[in-house]
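S.K.: Contents of query-v5.pdb (PDB, C-alpha atoms and all ligand atoms) are below:
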```pdb
ATOM      1  CA  MET A 253      59.100 108.237 217.092  1.00  0.00           C
ATOM      2  CA  LEU A 254      59.270 104.561 216.251  1.00  0.00           C
ATOM      3  CA  LYS A 255      56.356 103.253 214.212  1.00  0.00           C
ATOM      4  CA  MET A 256      54.769 100.430 216.152  1.00  0.00           C
ATOM      5  CA  LYS A 257      53.411  98.150 213.421  1.00  0.00           C
ATOM      6  CA  LYS A 258      50.600  95.955 214.615  1.00  0.00           C
ATOM      7  CA  GLN A 259      51.389  92.835 212.637  1.00  0.00           C
ATOM      8  CA  CYS A 260      54.205  90.726 211.278  1.00  0.00           C
ATOM      9  CA  GLU A 261      54.989  91.614 207.666  1.00  0.00           C
ATOM     10  CA  LYS A 262      55.600  87.972 206.805  1.00  0.00           C
ATOM     11  CA  CYS A 263      52.873  85.925 208.438  1.00  0.00           C
ATOM     12  CA  GLY A 264      50.517  88.600 209.737  1.00  0.00           C
ATOM     13  CA  ALA A 265      50.819  87.571 213.374  1.00  0.00           C
ATOM     14  CA  ALA A 266      49.847  90.257 215.846  1.00  0.00           C
ATOM     15  CA  THR A 267      52.741  92.395 217.053  1.00  0.00           C
ATOM     16  CA  GLY A 268      50.944  94.788 219.375  1.00  0.00           C
ATOM     17  CA  LEU A 269      52.611  97.348 221.602  1.00  0.00           C
ATOM     18  CA  MET A 270      53.452  94.765 224.259  1.00  0.00           C
ATOM     19  CA  ASP A 271      54.081  91.767 221.995  1.00  0.00           C
ATOM     20  CA  VAL A 272      57.559  90.522 221.204  1.00  0.00           C
ATOM     21  CA  ALA A 273      58.528  91.747 217.756  1.00  0.00           C
ATOM     22  CA  TYR A 274      61.698  92.296 215.780  1.00  0.00           C
ATOM     23  CA  ILE A 275      62.397  95.248 213.529  1.00  0.00           C
ATOM     24  CA  CYS A 276      65.093  96.327 211.100  1.00  0.00           C
ATOM     25  CA  SER A 277      66.396  99.861 210.776  1.00  0.00           C
ATOM     26  CA  TYR A 278      63.648 100.577 208.231  1.00  0.00           C
ATOM     27  CA  GLU A 279      61.050  99.460 210.769  1.00  0.00           C
ATOM     28  CA  CYS A 280      60.091  96.330 208.866  1.00  0.00           C
ATOM     29  CA  THR A 281      58.363  94.371 211.625  1.00  0.00           C
ATOM     30  CA  PHE A 282      58.328  90.619 212.140  1.00  0.00           C
ATOM     31  CA  CYS A 283      57.175  88.251 214.833  1.00  0.00           C
ATOM     32  CA  ALA A 284      59.647  86.173 216.842  1.00  0.00           C
ATOM     33  CA  ASP A 285      58.921  82.984 214.851  1.00  0.00           C
ATOM     34  CA  CYS A 286      59.565  84.546 211.457  1.00  0.00           C
ATOM     35  CA  THR A 287      62.674  86.304 212.749  1.00  0.00           C
ATOM     36  CA  GLN A 288      64.042  82.940 213.826  1.00  0.00           C
ATOM     37  CA  GLN A 289      63.222  81.370 210.479  1.00  0.00           C
ATOM     38  CA  MET A 290      64.962  84.219 208.668  1.00  0.00           C
ATOM     39  CA  GLN A 291      67.895  84.004 211.100  1.00  0.00           C
ATOM     40  CA  GLY A 292      67.505  87.614 212.119  1.00  0.00           C
ATOM     41  CA  ILE A 293      67.905  89.056 208.632  1.00  0.00           C
ATOM     42  CA  CYS A 294      65.243  91.309 207.149  1.00  0.00           C
ATOM     43  CA  PRO A 295      64.088  89.905 203.770  1.00  0.00           C
ATOM     44  CA  ASN A 296      63.228  93.389 202.509  1.00  0.00           C
ATOM     45  CA  CYS A 297      66.502  95.191 203.113  1.00  0.00           C
ATOM     46  CA  SER A 298      68.917  92.463 204.300  1.00  0.00           C
ATOM     47  CA  GLY A 299      69.421  94.389 207.522  1.00  0.00           C
ATOM     48  CA  ASN A 300      69.668  92.999 211.030  1.00  0.00           C
ATOM     49  CA  LEU A 301      66.453  92.409 212.894  1.00  0.00           C
ATOM     50  CA  VAL A 302      66.603  93.492 216.506  1.00  0.00           C
ATOM     51  CA  LEU A 303      64.197  93.130 219.401  1.00  0.00           C
ATOM     52  CA  ARG A 304      61.736  95.990 219.328  1.00  0.00           C
ATOM     53  CA  PRO A 305      61.242  97.869 222.581  1.00  0.00           C
ATOM     54  CA  THR A 306      57.744  97.491 223.966  1.00  0.00           C
ATOM     55  CA  ARG A 307      55.551 100.456 224.623  1.00  0.00           C
ATOM     56  CA  ALA A 308      53.142 100.065 227.501  1.00  0.00           C
ATOM     57  CA  LYS A 309      51.214 103.267 227.092  1.00  0.00           C
ATOM     58  CA  GLY A 310      50.134 105.705 224.442  1.00  0.00           C
ATOM     59  CA  PRO A 311      51.780 109.143 224.317  1.00  0.00           C
ATOM     60  CA  VAL A 312      48.892 110.844 226.127  1.00  0.00           C
ATOM     61  CA  GLU A 313      48.912 108.434 229.045  1.00  0.00           C
ATOM     62  CA  THR A 314      52.678 108.797 229.335  1.00  0.00           C
ATOM     63  CA  VAL A 315      52.415 112.572 229.597  1.00  0.00           C
ATOM     64  CA  VAL A 316      49.665 112.274 232.191  1.00  0.00           C
ATOM     65  CA  SER A 317      51.688 109.889 234.360  1.00  0.00           C
ATOM     66  CA  GLN A 318      54.747 112.125 234.040  1.00  0.00           C
ATOM     67  CA  LEU A 319      52.654 115.050 235.246  1.00  0.00           C
ATOM     68  CA  LYS A 320      51.306 112.981 238.102  1.00  0.00           C
ATOM     69  CA  ASN A 321      54.810 111.957 239.140  1.00  0.00           C
ATOM     70  CA  SER A 322      56.119 115.507 239.130  1.00  0.00           C
ATOM     71  CA  LEU A 323      53.106 116.640 241.140  1.00  0.00           C
ATOM     72  CA  LEU A 324      53.733 113.880 243.668  1.00  0.00           C
ATOM     73  CA  ALA A 325      57.398 114.832 243.862  1.00  0.00           C
ATOM     74  CA  ARG A 326      56.407 118.419 244.533  1.00  0.00           C
ATOM     75  CA  ILE A 327      53.987 117.378 247.281  1.00  0.00           C
ATOM     76  CA  PHE A 328      56.684 115.303 248.981  1.00  0.00           C
ATOM     77  CA  HIS A 329      59.112 118.162 248.648  1.00  0.00           C
ATOM     78  CA  LEU A 330      56.677 120.560 250.296  1.00  0.00           C
ATOM     79  CA  ALA A 331      55.828 118.187 253.110  1.00  0.00           C
ATOM     80  CA  PRO A 332      57.244 119.514 256.392  1.00  0.00           C
ATOM     81  CA  ALA A 333      60.587 117.942 257.153  1.00  0.00           C
ATOM     82  CA  LYS A 334      61.217 116.645 260.652  1.00  0.00           C
ATOM     83  CA  ARG A 335      64.479 118.536 260.893  1.00  0.00           C
ATOM     84  CA  PRO A 336      65.408 121.885 259.449  1.00  0.00           C
ATOM     85  CA  VAL A 337      66.788 121.431 255.950  1.00  0.00           C
ATOM     86  CA  MET A 338      69.748 123.719 256.622  1.00  0.00           C
ATOM     87  CA  SER A 339      71.672 121.190 258.698  1.00  0.00           C
ATOM     88  CA  ALA A 340      71.387 118.538 255.982  1.00  0.00           C
ATOM     89  CA  GLN A 341      73.118 120.677 253.407  1.00  0.00           C
ATOM     90  CA  GLY A 342      76.165 122.857 253.631  1.00  0.00           C
ATOM     91  CA  SER A 343      78.613 120.773 255.610  1.00  0.00           C
ATOM     92  CA  ARG A 344      80.725 118.342 253.564  1.00  0.00           C
TER      93      ARG A 344
HETATM   94 ZN    ZN B   1      55.574  86.295 211.439  1.00  0.00          ZN
HETATM   95 ZN    ZN B   2      64.003  95.809 206.462  1.00  0.00          ZN
END
```
For the file at hand, write its structure as structure tokens.
M.R.:
Amino acid sequence: MLKMKKQCEKCGAATGLMDVAYICSYECTFCADCTQQMQGICPNCSGNLVLRPTRAKGPVETVVSQLKNSLLARIFHLAPAKRPVMSAQGSR
């Protein structure tokens, strides 16, 4: 799993889970301003800095919402259909 560093390694600006941040392949993390100043090159390893994906939720919350979604899907699936399912499938 990607390490989500909480601050820019150059200027110390906050790079929280939902903030714009740039990382290199070694997960050196920089804010957008510093990345621009360095022209997208990591000063530590000379690698490319790319936009880091944001992460809205922690792992636990993600699992919970996945569970909730699959439960909801199951409920919808079990809900009585207006027509018998047999006619929908089969032909074609
Ligand atoms: Zn910075
Ligand atoms: Zn680097």
S.K.: Would you kindly return, as a PyMOL selection string, each protein, DNA or RNA residue with an atom no farther than 9 Å from any atom of Ser277 (chain A), considering only C-alpha atoms and excluding same-chain residues fewer than 4 positions away?
M.R.: chain A and resi 297+299-302
S.K.: Got a sec: who's within 10 Å of Pro305 (chain A), counting all atoms listed in the file, leaving out chain neighbours fewer than 6 positions off, as a CSV table (one decimal) with C-alpha atoms, keeping the file's coordinate frame?
M.R.:
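After the write, out_30.csv holds the following:
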```
chain,number,residue,atom,x,y,z
A,254,LEU,CA,59.3,104.6,216.3
A,256,MET,CA,54.8,100.4,216.2
A,269,LEU,CA,52.6,97.3,221.6
A,270,MET,CA,53.5,94.8,224.3
A,271,ASP,CA,54.1,91.8,222.0
A,272,VAL,CA,57.6,90.5,221.2
A,273,ALA,CA,58.5,91.7,217.8
A,274,TYR,CA,61.7,92.3,215.8
A,275,ILE,CA,62.4,95.2,213.5
```
S.K.: Counting only C-alpha atoms and all ligand atoms, name the residues that have an atom within 7 Å of an atom of ligand ZN 2 (chain B); the answer should be given as a VMD selection string.
M.R.: chain A and resid 276 to 280 294 to 299
S.K.: With the cut-off set at 6 Å and counting only C-alpha atoms and all ligand atoms, tabulate each residue of chain A with an atom at most that distance from an atom of ligand ZN 1 (chain B), showing the nearest atom pair and its distance in Å to one decimal, ordered by chain and increasing number, as a Markdown table.
M.R.:
```
| residue | atom | partner | partner_atom | distance |
| --- | --- | --- | --- | --- |
| A:Cys260 | CA | B:ZN1 | ZN | 4.6 |
| A:Lys262 | CA | B:ZN1 | ZN | 4.9 |
| A:Cys263 | CA | B:ZN1 | ZN | 4.1 |
| A:Gly264 | CA | B:ZN1 | ZN | 5.8 |
| A:Ala265 | CA | B:ZN1 | ZN | 5.3 |
| A:Phe282 | CA | B:ZN1 | ZN | 5.2 |
| A:Cys283 | CA | B:ZN1 | ZN | 4.2 |
| A:Asp285 | CA | B:ZN1 | ZN | 5.8 |
| A:Cys286 | CA | B:ZN1 | ZN | 4.4 |
```
S.K.: So that I have them on file, write out the residues from the current selection with C-alpha atoms, as a PDB file, keeping the file's coordinate frame.
M.R.:
```pdb
ATOM      1  CA  CYS A 260      54.205  90.726 211.278  1.00  0.00           C
ATOM      2  CA  LYS A 262      55.600  87.972 206.805  1.00  0.00           C
ATOM      3  CA  CYS A 263      52.873  85.925 208.438  1.00  0.00           C
ATOM      4  CA  GLY A 264      50.517  88.600 209.737  1.00  0.00           C
ATOM      5  CA  ALA A 265      50.819  87.571 213.374  1.00  0.00           C
ATOM      6  CA  PHE A 282      58.328  90.619 212.140  1.00  0.00           C
ATOM      7  CA  CYS A 283      57.175  88.251 214.833  1.00  0.00           C
ATOM      8  CA  ASP A 285      58.921  82.984 214.851  1.00  0.00           C
ATOM      9  CA  CYS A 286      59.565  84.546 211.457  1.00  0.00           C
TER      10      CYS A 286
END
```
S.K.: By how many Å are CA of Val316 (chain A) and CA of Thr281 (chain A) apart?
M.R.: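 Rounded to one decimal, the two atoms are 28.6 Å apart.
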S.K.: What does the structure give for the distance between CA of Lys320 (chain A) and CA of Arg304 (chain A), in Å to one decimal?
M.R.: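 It comes out at 27.4 Å.
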